[in-house]
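Okay, entry-v7.cif is below, mmCIF, N, CA, C and O atoms:
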```cif
data_input
#
loop_
_atom_site.group_PDB
_atom_site.id
_atom_site.type_symbol
_atom_site.label_atom_id
_atom_site.label_comp_id
_atom_site.auth_asym_id
_atom_site.auth_seq_id
_atom_site.Cartn_x
_atom_site.Cartn_y
_atom_site.Cartn_z
ATOM 1 N N MET A 76 4.511 34.791 69.993
ATOM 2 C CA MET A 76 4.790 34.403 68.626
ATOM 3 C C MET A 76 5.962 33.426 68.652
ATOM 4 O O MET A 76 6.882 33.580 69.444
ATOM 5 N N ARG A 77 5.899 32.474 67.757
ATOM 6 C CA ARG A 77 7.026 31.551 67.604
ATOM 7 C C ARG A 77 7.256 31.301 66.125
ATOM 8 O O ARG A 77 6.316 31.248 65.331
ATOM 9 N N PRO A 78 8.541 31.162 65.745
ATOM 10 C CA PRO A 78 8.873 30.976 64.333
ATOM 11 C C PRO A 78 8.265 29.703 63.746
ATOM 12 O O PRO A 78 8.130 28.702 64.439
ATOM 13 N N VAL A 79 7.918 29.762 62.472
ATOM 14 C CA VAL A 79 7.377 28.608 61.748
ATOM 15 C C VAL A 79 8.462 28.114 60.799
ATOM 16 O O VAL A 79 8.995 28.888 60.007
ATOM 17 N N GLY A 80 8.780 26.827 60.882
ATOM 18 C CA GLY A 80 9.763 26.250 59.969
ATOM 19 C C GLY A 80 11.184 26.612 60.333
ATOM 20 O O GLY A 80 11.467 27.234 61.350
ATOM 21 N N VAL A 81 12.084 26.218 59.459
ATOM 22 C CA VAL A 81 13.512 26.466 59.656
ATOM 23 C C VAL A 81 13.901 27.696 58.847
ATOM 24 O O VAL A 81 13.542 27.818 57.685
ATOM 25 N N THR A 82 14.632 28.596 59.485
ATOM 26 C CA THR A 82 15.073 29.794 58.774
ATOM 27 C C THR A 82 16.501 29.607 58.291
ATOM 28 O O THR A 82 17.325 28.975 58.952
ATOM 29 N N ALA A 83 16.791 30.145 57.145
ATOM 30 C CA ALA A 83 18.138 30.068 56.572
ATOM 31 C C ALA A 83 19.078 30.963 57.377
ATOM 32 O O ALA A 83 18.638 31.951 57.967
ATOM 33 N N PRO A 84 20.367 30.638 57.413
ATOM 34 C CA PRO A 84 21.329 31.523 58.098
ATOM 35 C C PRO A 84 21.284 32.924 57.485
ATOM 36 O O PRO A 84 21.126 33.075 56.280
ATOM 37 N N ILE A 85 21.441 33.917 58.318
ATOM 38 C CA ILE A 85 21.359 35.306 57.872
ATOM 39 C C ILE A 85 22.754 35.904 57.896
ATOM 40 O O ILE A 85 23.473 35.792 58.889
ATOM 41 N N VAL A 86 23.135 36.509 56.791
ATOM 42 C CA VAL A 86 24.435 37.186 56.710
ATOM 43 C C VAL A 86 24.208 38.639 56.305
ATOM 44 O O VAL A 86 23.254 38.968 55.601
ATOM 45 N N CYS A 87 25.088 39.487 56.776
ATOM 46 C CA CYS A 87 25.011 40.913 56.461
ATOM 47 C C CYS A 87 25.230 41.120 54.964
ATOM 48 O O CYS A 87 26.149 40.541 54.381
ATOM 49 N N TRP A 88 24.429 41.946 54.358
ATOM 50 C CA TRP A 88 24.547 42.221 52.924
ATOM 51 C C TRP A 88 25.830 42.996 52.614
ATOM 52 O O TRP A 88 26.342 42.957 51.504
ATOM 53 N N HIS A 89 26.365 43.706 53.610
ATOM 54 C CA HIS A 89 27.516 44.573 53.373
ATOM 55 C C HIS A 89 28.847 43.870 53.633
ATOM 56 O O HIS A 89 29.745 43.920 52.795
ATOM 57 N N CYS A 90 28.985 43.189 54.784
ATOM 58 C CA CYS A 90 30.286 42.607 55.144
ATOM 59 C C CYS A 90 30.295 41.081 55.076
ATOM 60 O O CYS A 90 31.361 40.478 55.114
ATOM 61 N N GLY A 91 29.121 40.447 54.995
ATOM 62 C CA GLY A 91 29.054 38.992 54.891
ATOM 63 C C GLY A 91 29.145 38.254 56.216
ATOM 64 O O GLY A 91 29.140 37.028 56.243
ATOM 65 N N LYS A 92 29.225 38.984 57.342
ATOM 66 C CA LYS A 92 29.281 38.335 58.652
ATOM 67 C C LYS A 92 27.923 37.723 58.982
ATOM 68 O O LYS A 92 26.881 38.291 58.660
ATOM 69 N N PRO A 93 27.914 36.566 59.676
ATOM 70 C CA PRO A 93 26.634 35.993 60.097
ATOM 71 C C PRO A 93 25.975 36.857 61.173
ATOM 72 O O PRO A 93 26.661 37.459 61.999
ATOM 73 N N ILE A 94 24.646 36.915 61.135
ATOM 74 C CA ILE A 94 23.869 37.686 62.110
ATOM 75 C C ILE A 94 22.896 36.739 62.783
ATOM 76 O O ILE A 94 22.159 36.011 62.119
ATOM 77 N N ASP A 95 22.891 36.750 64.120
ATOM 78 C CA ASP A 95 21.942 35.960 64.888
ATOM 79 C C ASP A 95 20.789 36.877 65.280
ATOM 80 O O ASP A 95 20.948 37.714 66.178
ATOM 81 N N PRO A 96 19.617 36.741 64.641
ATOM 82 C CA PRO A 96 18.520 37.666 64.933
ATOM 83 C C PRO A 96 18.000 37.552 66.361
ATOM 84 O O PRO A 96 17.443 38.502 66.897
ATOM 85 N N GLU A 97 18.207 36.407 67.006
ATOM 86 C CA GLU A 97 17.748 36.244 68.386
ATOM 87 C C GLU A 97 18.661 36.994 69.360
ATOM 88 O O GLU A 97 18.215 37.463 70.396
ATOM 89 N N ALA A 98 19.949 37.086 69.053
ATOM 90 C CA ALA A 98 20.906 37.753 69.933
ATOM 91 C C ALA A 98 21.006 39.247 69.649
ATOM 92 O O ALA A 98 21.311 40.027 70.537
ATOM 93 N N ALA A 99 20.759 39.635 68.402
ATOM 94 C CA ALA A 99 20.892 41.038 68.015
ATOM 95 C C ALA A 99 19.678 41.838 68.469
ATOM 96 O O ALA A 99 18.579 41.314 68.580
ATOM 97 N N GLU A 100 19.905 43.109 68.707
ATOM 98 C CA GLU A 100 18.805 43.993 69.085
ATOM 99 C C GLU A 100 18.167 44.569 67.829
ATOM 100 O O GLU A 100 18.839 45.103 66.963
ATOM 101 N N SER A 101 16.854 44.435 67.755
ATOM 102 C CA SER A 101 16.116 44.942 66.604
ATOM 103 C C SER A 101 16.000 46.459 66.704
ATOM 104 O O SER A 101 15.633 46.993 67.744
ATOM 105 N N THR A 102 16.324 47.152 65.613
ATOM 106 C CA THR A 102 16.203 48.605 65.577
ATOM 107 C C THR A 102 14.778 49.024 65.267
ATOM 108 O O THR A 102 14.276 49.999 65.793
ATOM 109 N N ALA A 103 14.118 48.255 64.407
ATOM 110 C CA ALA A 103 12.719 48.509 64.058
ATOM 111 C C ALA A 103 12.060 47.167 63.777
ATOM 112 O O ALA A 103 12.706 46.222 63.338
ATOM 113 N N ARG A 104 10.771 47.062 64.063
ATOM 114 C CA ARG A 104 10.029 45.831 63.812
ATOM 115 C C ARG A 104 8.681 46.182 63.181
ATOM 116 O O ARG A 104 7.979 47.075 63.642
ATOM 117 N N TYR A 105 8.360 45.457 62.116
ATOM 118 C CA TYR A 105 7.080 45.620 61.432
ATOM 119 C C TYR A 105 6.396 44.267 61.381
ATOM 120 O O TYR A 105 7.049 43.239 61.212
ATOM 121 N N LEU A 106 5.092 44.261 61.521
ATOM 122 C CA LEU A 106 4.306 43.035 61.465
ATOM 123 C C LEU A 106 3.335 43.119 60.295
ATOM 124 O O LEU A 106 2.667 44.138 60.105
ATOM 125 N N TYR A 107 3.270 42.027 59.528
ATOM 126 C CA TYR A 107 2.357 41.938 58.389
ATOM 127 C C TYR A 107 1.540 40.664 58.526
ATOM 128 O O TYR A 107 2.057 39.642 58.960
ATOM 129 N N ARG A 108 0.308 40.722 58.120
ATOM 130 C CA ARG A 108 -0.567 39.553 58.169
ATOM 131 C C ARG A 108 -0.010 38.441 57.289
ATOM 132 O O ARG A 108 0.402 38.666 56.160
ATOM 133 N N GLY A 109 0.002 37.211 57.827
ATOM 134 C CA GLY A 109 0.466 36.054 57.072
ATOM 135 C C GLY A 109 -0.632 35.521 56.162
ATOM 136 O O GLY A 109 -1.794 35.920 56.261
ATOM 137 N N ASP A 110 -0.283 34.601 55.272
ATOM 138 C CA ASP A 110 -1.256 34.013 54.351
ATOM 139 C C ASP A 110 -2.201 33.050 55.057
ATOM 140 O O ASP A 110 -3.357 32.920 54.674
ATOM 141 N N ALA A 111 -1.715 32.342 56.083
ATOM 142 C CA ALA A 111 -2.536 31.382 56.823
ATOM 143 C C ALA A 111 -3.092 32.050 58.078
ATOM 144 O O ALA A 111 -2.505 33.010 58.589
ATOM 145 N N PRO A 112 -4.237 31.550 58.582
ATOM 146 C CA PRO A 112 -4.783 32.110 59.821
ATOM 147 C C PRO A 112 -3.776 31.991 60.971
ATOM 148 O O PRO A 112 -3.018 31.025 61.047
ATOM 149 N N LEU A 113 -3.781 32.968 61.850
ATOM 150 C CA LEU A 113 -2.913 33.025 63.023
ATOM 151 C C LEU A 113 -1.425 33.013 62.690
ATOM 152 O O LEU A 113 -0.599 32.501 63.447
ATOM 153 N N THR A 114 -1.061 33.583 61.546
ATOM 154 C CA THR A 114 0.346 33.748 61.212
ATOM 155 C C THR A 114 0.631 35.219 60.937
ATOM 156 O O THR A 114 -0.261 35.985 60.571
ATOM 157 N N VAL A 115 1.882 35.587 61.139
ATOM 158 C CA VAL A 115 2.305 36.957 60.909
ATOM 159 C C VAL A 115 3.734 36.923 60.365
ATOM 160 O O VAL A 115 4.526 36.066 60.742
ATOM 161 N N VAL A 116 4.028 37.820 59.446
ATOM 162 C CA VAL A 116 5.391 37.983 58.954
ATOM 163 C C VAL A 116 6.025 39.078 59.798
ATOM 164 O O VAL A 116 5.526 40.195 59.870
ATOM 165 N N VAL A 117 7.109 38.725 60.476
ATOM 166 C CA VAL A 117 7.828 39.671 61.320
ATOM 167 C C VAL A 117 9.038 40.159 60.535
ATOM 168 O O VAL A 117 9.852 39.363 60.082
ATOM 169 N N GLU A 118 9.126 41.468 60.372
ATOM 170 C CA GLU A 118 10.257 42.072 59.663
ATOM 171 C C GLU A 118 11.042 42.909 60.658
ATOM 172 O O GLU A 118 10.520 43.857 61.223
ATOM 173 N N ASP A 119 12.294 42.502 60.896
ATOM 174 C CA ASP A 119 13.175 43.223 61.810
ATOM 175 C C ASP A 119 14.296 43.878 61.026
ATOM 176 O O ASP A 119 14.814 43.303 60.074
ATOM 177 N N TRP A 120 14.673 45.070 61.449
ATOM 178 C CA TRP A 120 15.854 45.737 60.918
ATOM 179 C C TRP A 120 16.904 45.625 62.014
ATOM 180 O O TRP A 120 16.729 46.135 63.108
ATOM 181 N N ILE A 121 18.006 44.894 61.691
ATOM 182 C CA ILE A 121 19.024 44.587 62.683
ATOM 183 C C ILE A 121 20.320 45.295 62.315
ATOM 184 O O ILE A 121 20.751 45.281 61.163
ATOM 185 N N HIS A 122 20.956 45.898 63.318
ATOM 186 C CA HIS A 122 22.203 46.634 63.125
ATOM 187 C C HIS A 122 23.374 45.661 63.207
ATOM 188 O O HIS A 122 23.530 44.947 64.190
ATOM 189 N N CYS A 123 24.208 45.614 62.182
ATOM 190 C CA CYS A 123 25.400 44.769 62.149
ATOM 191 C C CYS A 123 26.571 45.535 62.766
ATOM 192 O O CYS A 123 26.564 46.770 62.798
ATOM 193 N N THR A 124 27.582 44.801 63.213
ATOM 194 C CA THR A 124 28.755 45.450 63.804
ATOM 195 C C THR A 124 29.527 46.302 62.790
ATOM 196 O O THR A 124 30.267 47.201 63.188
ATOM 197 N N CYS A 125 29.339 46.035 61.486
ATOM 198 C CA CYS A 125 30.033 46.836 60.463
ATOM 199 C C CYS A 125 29.352 48.193 60.238
ATOM 200 O O CYS A 125 29.878 49.046 59.541
ATOM 201 N N GLY A 126 28.161 48.369 60.809
ATOM 202 C CA GLY A 126 27.443 49.638 60.661
ATOM 203 C C GLY A 126 26.243 49.574 59.742
ATOM 204 O O GLY A 126 25.421 50.480 59.727
ATOM 205 N N ALA A 127 26.129 48.504 58.964
ATOM 206 C CA ALA A 127 25.000 48.362 58.038
ATOM 207 C C ALA A 127 23.768 47.835 58.789
ATOM 208 O O ALA A 127 23.870 47.296 59.891
ATOM 209 N N TYR A 128 22.620 47.998 58.171
ATOM 210 C CA TYR A 128 21.366 47.454 58.712
ATOM 211 C C TYR A 128 20.896 46.340 57.801
ATOM 212 O O TYR A 128 20.921 46.470 56.582
ATOM 213 N N GLN A 129 20.471 45.241 58.390
ATOM 214 C CA GLN A 129 20.012 44.072 57.647
ATOM 215 C C GLN A 129 18.515 43.886 57.888
ATOM 216 O O GLN A 129 18.064 43.913 59.022
ATOM 217 N N ASN A 130 17.762 43.696 56.827
ATOM 218 C CA ASN A 130 16.329 43.429 56.897
ATOM 219 C C ASN A 130 16.135 41.922 56.994
ATOM 220 O O ASN A 130 16.555 41.188 56.114
ATOM 221 N N VAL A 131 15.490 41.462 58.065
ATOM 222 C CA VAL A 131 15.271 40.035 58.290
ATOM 223 C C VAL A 131 13.768 39.800 58.391
ATOM 224 O O VAL A 131 13.101 40.376 59.248
ATOM 225 N N ARG A 132 13.234 38.938 57.508
ATOM 226 C CA ARG A 132 11.795 38.614 57.524
ATOM 227 C C ARG A 132 11.621 37.153 57.873
ATOM 228 O O ARG A 132 12.288 36.290 57.324
ATOM 229 N N ARG A 133 10.703 36.877 58.825
ATOM 230 C CA ARG A 133 10.425 35.504 59.260
ATOM 231 C C ARG A 133 8.929 35.326 59.465
ATOM 232 O O ARG A 133 8.243 36.235 59.914
ATOM 233 N N LEU A 134 8.453 34.126 59.143
ATOM 234 C CA LEU A 134 7.059 33.782 59.368
ATOM 235 C C LEU A 134 6.912 33.270 60.796
ATOM 236 O O LEU A 134 7.698 32.441 61.245
ATOM 237 N N ASN A 135 5.926 33.789 61.523
ATOM 238 C CA ASN A 135 5.671 33.383 62.897
ATOM 239 C C ASN A 135 4.224 32.976 63.066
ATOM 240 O O ASN A 135 3.332 33.480 62.369
ATOM 241 N N GLU A 136 4.004 32.092 64.010
ATOM 242 C CA GLU A 136 2.654 31.671 64.380
ATOM 243 C C GLU A 136 2.274 32.422 65.652
ATOM 244 O O GLU A 136 3.094 32.584 66.556
ATOM 245 N N ILE A 137 1.025 32.859 65.709
ATOM 246 C CA ILE A 137 0.536 33.568 66.883
ATOM 247 C C ILE A 137 -0.221 32.577 67.751
ATOM 248 O O ILE A 137 -1.129 31.884 67.276
ATOM 249 N N LYS A 138 0.168 32.504 69.022
ATOM 250 C CA LYS A 138 -0.526 31.637 69.970
ATOM 251 C C LYS A 138 -1.135 32.537 71.031
ATOM 252 O O LYS A 138 -0.423 33.278 71.712
ATOM 253 N N VAL A 139 -2.440 32.478 71.190
ATOM 254 C CA VAL A 139 -3.144 33.310 72.159
ATOM 255 C C VAL A 139 -3.324 32.509 73.449
ATOM 256 O O VAL A 139 -3.849 31.402 73.427
ATOM 257 N N GLU A 140 -2.856 33.058 74.555
ATOM 258 C CA GLU A 140 -2.973 32.408 75.852
ATOM 259 C C GLU A 140 -3.850 33.236 76.754
ATOM 260 O O GLU A 140 -3.898 34.475 76.647
ATOM 261 N N ALA A 141 -4.522 32.568 77.685
ATOM 262 C CA ALA A 141 -5.373 33.264 78.646
ATOM 263 C C ALA A 141 -4.511 34.044 79.625
ATOM 264 O O ALA A 141 -3.418 33.623 79.991
ATOM 265 N N LEU A 142 -4.999 35.198 80.065
ATOM 266 C CA LEU A 142 -4.308 36.023 81.027
ATOM 267 C C LEU A 142 -4.986 35.880 82.371
ATOM 268 O O LEU A 142 -6.193 36.080 82.486
ATOM 269 N N GLY A 143 -4.248 35.515 83.391
ATOM 270 C CA GLY A 143 -4.807 35.372 84.733
ATOM 271 C C GLY A 143 -5.451 34.021 84.940
ATOM 272 O O GLY A 143 -5.377 33.130 84.104
ATOM 273 N N PRO A 144 -6.127 33.850 86.090
ATOM 274 C CA PRO A 144 -6.759 32.560 86.408
ATOM 275 C C PRO A 144 -7.906 32.230 85.443
ATOM 276 O O PRO A 144 -8.629 33.114 85.021
ATOM 277 N N ALA A 145 -8.018 30.978 85.161
ATOM 278 C CA ALA A 145 -9.062 30.526 84.210
ATOM 279 C C ALA A 145 -10.380 30.308 84.892
ATOM 280 O O ALA A 145 -10.526 30.122 86.019
#
```

Show me the file's structure as structure tokens.
Amino acid sequence: MRPVGVTAPIVCWHCGKPIDPEAAESTARYLYRGDAPLTVVVEDWIHCTCGAYQNVRRLNEIKVEALGPA
């Protein structure tokens, strides 16, 4: 999966600190079908250093690759 488009900066709802979803460890992840074919909405719950959890939703494109020799 790879992100579609540019995502807005994410800040913690509780303390206002910026959160990097790529660097942070996801506590929970949910996948929802996107509106366009081969897209999925990825919802991550990320733990902030202040102790709060931030819900981050991003649209991703699914790319299917062959496994093993062709």

(message) Can you measure CA of Ala141 in chain A to CA of Tyr107 in chain A for me? One decimal in Å is fine.
(response)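 These two atoms are separated by 23.4 Å.
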
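Using all atoms listed in the file, the contacts of Tyr128 in chain A at a cut-off of 7 Å, with sequence neighbours closer than 4 positions omitted, comprise Cys87, Trp88, His89, Trp120, Ile121, His122 and Cys123 of chain A.
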
(request) Please write the residues picked by the PyMOL selection byres ((chain A and resi 103) around 6) on this file as a VMD selection string. (result) chain A and resid 101 to 102 104 to 105 118 to 121

(request) Taking the file as shown, find all residues satisfying the PyMOL selection byres ((chain A and resi 95) around 8) and write them as number ranges by chain. (result) A: 84-86, 92-94, 96-100, 121-122

(message) Calculated over only C-alpha atoms, which of the candidates A:Leu142, A:Ala83, A:Cys90, A:Leu134 has the smallest distance to Gly109 in chain A?
(response) A:Leu134

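A straight line drawn from CA of Ala127 in chain A to CA of Thr114 in chain A is 28.8 Å long.
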
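Between atom N of Leu113 in chain A and atom C of Gln129 in chain A lies a distance of 25.1 Å.
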
Provide an axis-aligned box for all listed atoms of range 116-133 of chain A, padding each side by 8 Å; report its centre and its edge lengths in Å to one decimal, as JSON.
```
{"center_x": 17.1, "center_y": 42.9, "center_z": 60.2, "size_x": 42.2, "size_y": 31.2, "size_z": 24.1}
```

(request) Check which residues satisfy the PyMOL selection byres ((chain A and resi 115) around 7) in the file shown, then give them as a VMD selection string. (result) chain A and resid 77 106 to 114 116 to 117 133 to 137

Store the residues of this selection in a file with N, CA, C and O atoms, as an mmCIF file, in the coordinates of the input.
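Dumped everything to result35.cif:
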```
data_model
loop_
_atom_site.group_PDB
_atom_site.id
_atom_site.type_symbol
_atom_site.label_atom_id
_atom_site.label_comp_id
_atom_site.auth_asym_id
_atom_site.auth_seq_id
_atom_site.Cartn_x
_atom_site.Cartn_y
_atom_site.Cartn_z
ATOM 1 N N ARG A 77 5.899 32.474 67.757
ATOM 2 C CA ARG A 77 7.026 31.551 67.604
ATOM 3 C C ARG A 77 7.256 31.301 66.125
ATOM 4 O O ARG A 77 6.316 31.248 65.331
ATOM 5 N N LEU A 106 5.092 44.261 61.521
ATOM 6 C CA LEU A 106 4.306 43.035 61.465
ATOM 7 C C LEU A 106 3.335 43.119 60.295
ATOM 8 O O LEU A 106 2.667 44.138 60.105
ATOM 9 N N TYR A 107 3.270 42.027 59.528
ATOM 10 C CA TYR A 107 2.357 41.938 58.389
ATOM 11 C C TYR A 107 1.540 40.664 58.526
ATOM 12 O O TYR A 107 2.057 39.642 58.960
ATOM 13 N N ARG A 108 0.308 40.722 58.120
ATOM 14 C CA ARG A 108 -0.567 39.553 58.169
ATOM 15 C C ARG A 108 -0.010 38.441 57.289
ATOM 16 O O ARG A 108 0.402 38.666 56.160
ATOM 17 N N GLY A 109 0.002 37.211 57.827
ATOM 18 C CA GLY A 109 0.466 36.054 57.072
ATOM 19 C C GLY A 109 -0.632 35.521 56.162
ATOM 20 O O GLY A 109 -1.794 35.920 56.261
ATOM 21 N N ASP A 110 -0.283 34.601 55.272
ATOM 22 C CA ASP A 110 -1.256 34.013 54.351
ATOM 23 C C ASP A 110 -2.201 33.050 55.057
ATOM 24 O O ASP A 110 -3.357 32.920 54.674
ATOM 25 N N ALA A 111 -1.715 32.342 56.083
ATOM 26 C CA ALA A 111 -2.536 31.382 56.823
ATOM 27 C C ALA A 111 -3.092 32.050 58.078
ATOM 28 O O ALA A 111 -2.505 33.010 58.589
ATOM 29 N N PRO A 112 -4.237 31.550 58.582
ATOM 30 C CA PRO A 112 -4.783 32.110 59.821
ATOM 31 C C PRO A 112 -3.776 31.991 60.971
ATOM 32 O O PRO A 112 -3.018 31.025 61.047
ATOM 33 N N LEU A 113 -3.781 32.968 61.850
ATOM 34 C CA LEU A 113 -2.913 33.025 63.023
ATOM 35 C C LEU A 113 -1.425 33.013 62.690
ATOM 36 O O LEU A 113 -0.599 32.501 63.447
ATOM 37 N N THR A 114 -1.061 33.583 61.546
ATOM 38 C CA THR A 114 0.346 33.748 61.212
ATOM 39 C C THR A 114 0.631 35.219 60.937
ATOM 40 O O THR A 114 -0.261 35.985 60.571
ATOM 41 N N VAL A 116 4.028 37.820 59.446
ATOM 42 C CA VAL A 116 5.391 37.983 58.954
ATOM 43 C C VAL A 116 6.025 39.078 59.798
ATOM 44 O O VAL A 116 5.526 40.195 59.870
ATOM 45 N N VAL A 117 7.109 38.725 60.476
ATOM 46 C CA VAL A 117 7.828 39.671 61.320
ATOM 47 C C VAL A 117 9.038 40.159 60.535
ATOM 48 O O VAL A 117 9.852 39.363 60.082
ATOM 49 N N ARG A 133 10.703 36.877 58.825
ATOM 50 C CA ARG A 133 10.425 35.504 59.260
ATOM 51 C C ARG A 133 8.929 35.326 59.465
ATOM 52 O O ARG A 133 8.243 36.235 59.914
ATOM 53 N N LEU A 134 8.453 34.126 59.143
ATOM 54 C CA LEU A 134 7.059 33.782 59.368
ATOM 55 C C LEU A 134 6.912 33.270 60.796
ATOM 56 O O LEU A 134 7.698 32.441 61.245
ATOM 57 N N ASN A 135 5.926 33.789 61.523
ATOM 58 C CA ASN A 135 5.671 33.383 62.897
ATOM 59 C C ASN A 135 4.224 32.976 63.066
ATOM 60 O O ASN A 135 3.332 33.480 62.369
ATOM 61 N N GLU A 136 4.004 32.092 64.010
ATOM 62 C CA GLU A 136 2.654 31.671 64.380
ATOM 63 C C GLU A 136 2.274 32.422 65.652
ATOM 64 O O GLU A 136 3.094 32.584 66.556
ATOM 65 N N ILE A 137 1.025 32.859 65.709
ATOM 66 C CA ILE A 137 0.536 33.568 66.883
ATOM 67 C C ILE A 137 -0.221 32.577 67.751
ATOM 68 O O ILE A 137 -1.129 31.884 67.276
#
```

(request) Could you tell me, as number ranges by chain, which residues of chain A DSSP assigns to strand (DSSP E or B) when given the backbone? (result) A: 77-78, 85-86, 93-94, 101-108, 114-122, 128-136

Go ahead and save the picked residues with N, CA, C and O atoms, as a short mmCIF file (atom, residue, chain, number, x, y, z; two decimals), in the frame of the given file.
```cif
data_model
loop_
_atom_site.label_atom_id
_atom_site.label_comp_id
_atom_site.auth_asym_id
_atom_site.auth_seq_id
_atom_site.Cartn_x
_atom_site.Cartn_y
_atom_site.Cartn_z
N ARG A 77 5.90 32.47 67.76
CA ARG A 77 7.03 31.55 67.60
C ARG A 77 7.26 31.30 66.12
O ARG A 77 6.32 31.25 65.33
N PRO A 78 8.54 31.16 65.74
CA PRO A 78 8.87 30.98 64.33
C PRO A 78 8.26 29.70 63.75
O PRO A 78 8.13 28.70 64.44
N ILE A 85 21.44 33.92 58.32
CA ILE A 85 21.36 35.31 57.87
C ILE A 85 22.75 35.90 57.90
O ILE A 85 23.47 35.79 58.89
N VAL A 86 23.14 36.51 56.79
CA VAL A 86 24.44 37.19 56.71
C VAL A 86 24.21 38.64 56.30
O VAL A 86 23.25 38.97 55.60
N PRO A 93 27.91 36.57 59.68
CA PRO A 93 26.63 35.99 60.10
C PRO A 93 25.98 36.86 61.17
O PRO A 93 26.66 37.46 62.00
N ILE A 94 24.65 36.92 61.14
CA ILE A 94 23.87 37.69 62.11
C ILE A 94 22.90 36.74 62.78
O ILE A 94 22.16 36.01 62.12
N SER A 101 16.85 44.44 67.76
CA SER A 101 16.12 44.94 66.60
C SER A 101 16.00 46.46 66.70
O SER A 101 15.63 46.99 67.74
N THR A 102 16.32 47.15 65.61
CA THR A 102 16.20 48.60 65.58
C THR A 102 14.78 49.02 65.27
O THR A 102 14.28 50.00 65.79
N ALA A 103 14.12 48.26 64.41
CA ALA A 103 12.72 48.51 64.06
C ALA A 103 12.06 47.17 63.78
O ALA A 103 12.71 46.22 63.34
N ARG A 104 10.77 47.06 64.06
CA ARG A 104 10.03 45.83 63.81
C ARG A 104 8.68 46.18 63.18
O ARG A 104 7.98 47.08 63.64
N TYR A 105 8.36 45.46 62.12
CA TYR A 105 7.08 45.62 61.43
C TYR A 105 6.40 44.27 61.38
O TYR A 105 7.05 43.24 61.21
N LEU A 106 5.09 44.26 61.52
CA LEU A 106 4.31 43.04 61.46
C LEU A 106 3.34 43.12 60.30
O LEU A 106 2.67 44.14 60.10
N TYR A 107 3.27 42.03 59.53
CA TYR A 107 2.36 41.94 58.39
C TYR A 107 1.54 40.66 58.53
O TYR A 107 2.06 39.64 58.96
N ARG A 108 0.31 40.72 58.12
CA ARG A 108 -0.57 39.55 58.17
C ARG A 108 -0.01 38.44 57.29
O ARG A 108 0.40 38.67 56.16
N THR A 114 -1.06 33.58 61.55
CA THR A 114 0.35 33.75 61.21
C THR A 114 0.63 35.22 60.94
O THR A 114 -0.26 35.98 60.57
N VAL A 115 1.88 35.59 61.14
CA VAL A 115 2.31 36.96 60.91
C VAL A 115 3.73 36.92 60.36
O VAL A 115 4.53 36.07 60.74
N VAL A 116 4.03 37.82 59.45
CA VAL A 116 5.39 37.98 58.95
C VAL A 116 6.02 39.08 59.80
O VAL A 116 5.53 40.20 59.87
N VAL A 117 7.11 38.72 60.48
CA VAL A 117 7.83 39.67 61.32
C VAL A 117 9.04 40.16 60.54
O VAL A 117 9.85 39.36 60.08
N GLU A 118 9.13 41.47 60.37
CA GLU A 118 10.26 42.07 59.66
C GLU A 118 11.04 42.91 60.66
O GLU A 118 10.52 43.86 61.22
N ASP A 119 12.29 42.50 60.90
CA ASP A 119 13.18 43.22 61.81
C ASP A 119 14.30 43.88 61.03
O ASP A 119 14.81 43.30 60.07
N TRP A 120 14.67 45.07 61.45
CA TRP A 120 15.85 45.74 60.92
C TRP A 120 16.90 45.62 62.01
O TRP A 120 16.73 46.14 63.11
N ILE A 121 18.01 44.89 61.69
CA ILE A 121 19.02 44.59 62.68
C ILE A 121 20.32 45.30 62.32
O ILE A 121 20.75 45.28 61.16
N HIS A 122 20.96 45.90 63.32
CA HIS A 122 22.20 46.63 63.12
C HIS A 122 23.37 45.66 63.21
O HIS A 122 23.53 44.95 64.19
N TYR A 128 22.62 48.00 58.17
CA TYR A 128 21.37 47.45 58.71
C TYR A 128 20.90 46.34 57.80
O TYR A 128 20.92 46.47 56.58
N GLN A 129 20.47 45.24 58.39
CA GLN A 129 20.01 44.07 57.65
C GLN A 129 18.52 43.89 57.89
O GLN A 129 18.06 43.91 59.02
N ASN A 130 17.76 43.70 56.83
CA ASN A 130 16.33 43.43 56.90
C ASN A 130 16.14 41.92 56.99
O ASN A 130 16.56 41.19 56.11
N VAL A 131 15.49 41.46 58.06
CA VAL A 131 15.27 40.03 58.29
C VAL A 131 13.77 39.80 58.39
O VAL A 131 13.10 40.38 59.25
N ARG A 132 13.23 38.94 57.51
CA ARG A 132 11.80 38.61 57.52
C ARG A 132 11.62 37.15 57.87
O ARG A 132 12.29 36.29 57.32
N ARG A 133 10.70 36.88 58.82
CA ARG A 133 10.42 35.50 59.26
C ARG A 133 8.93 35.33 59.46
O ARG A 133 8.24 36.24 59.91
N LEU A 134 8.45 34.13 59.14
CA LEU A 134 7.06 33.78 59.37
C LEU A 134 6.91 33.27 60.80
O LEU A 134 7.70 32.44 61.24
N ASN A 135 5.93 33.79 61.52
CA ASN A 135 5.67 33.38 62.90
C ASN A 135 4.22 32.98 63.07
O ASN A 135 3.33 33.48 62.37
N GLU A 136 4.00 32.09 64.01
CA GLU A 136 2.65 31.67 64.38
C GLU A 136 2.27 32.42 65.65
O GLU A 136 3.09 32.58 66.56
#
```
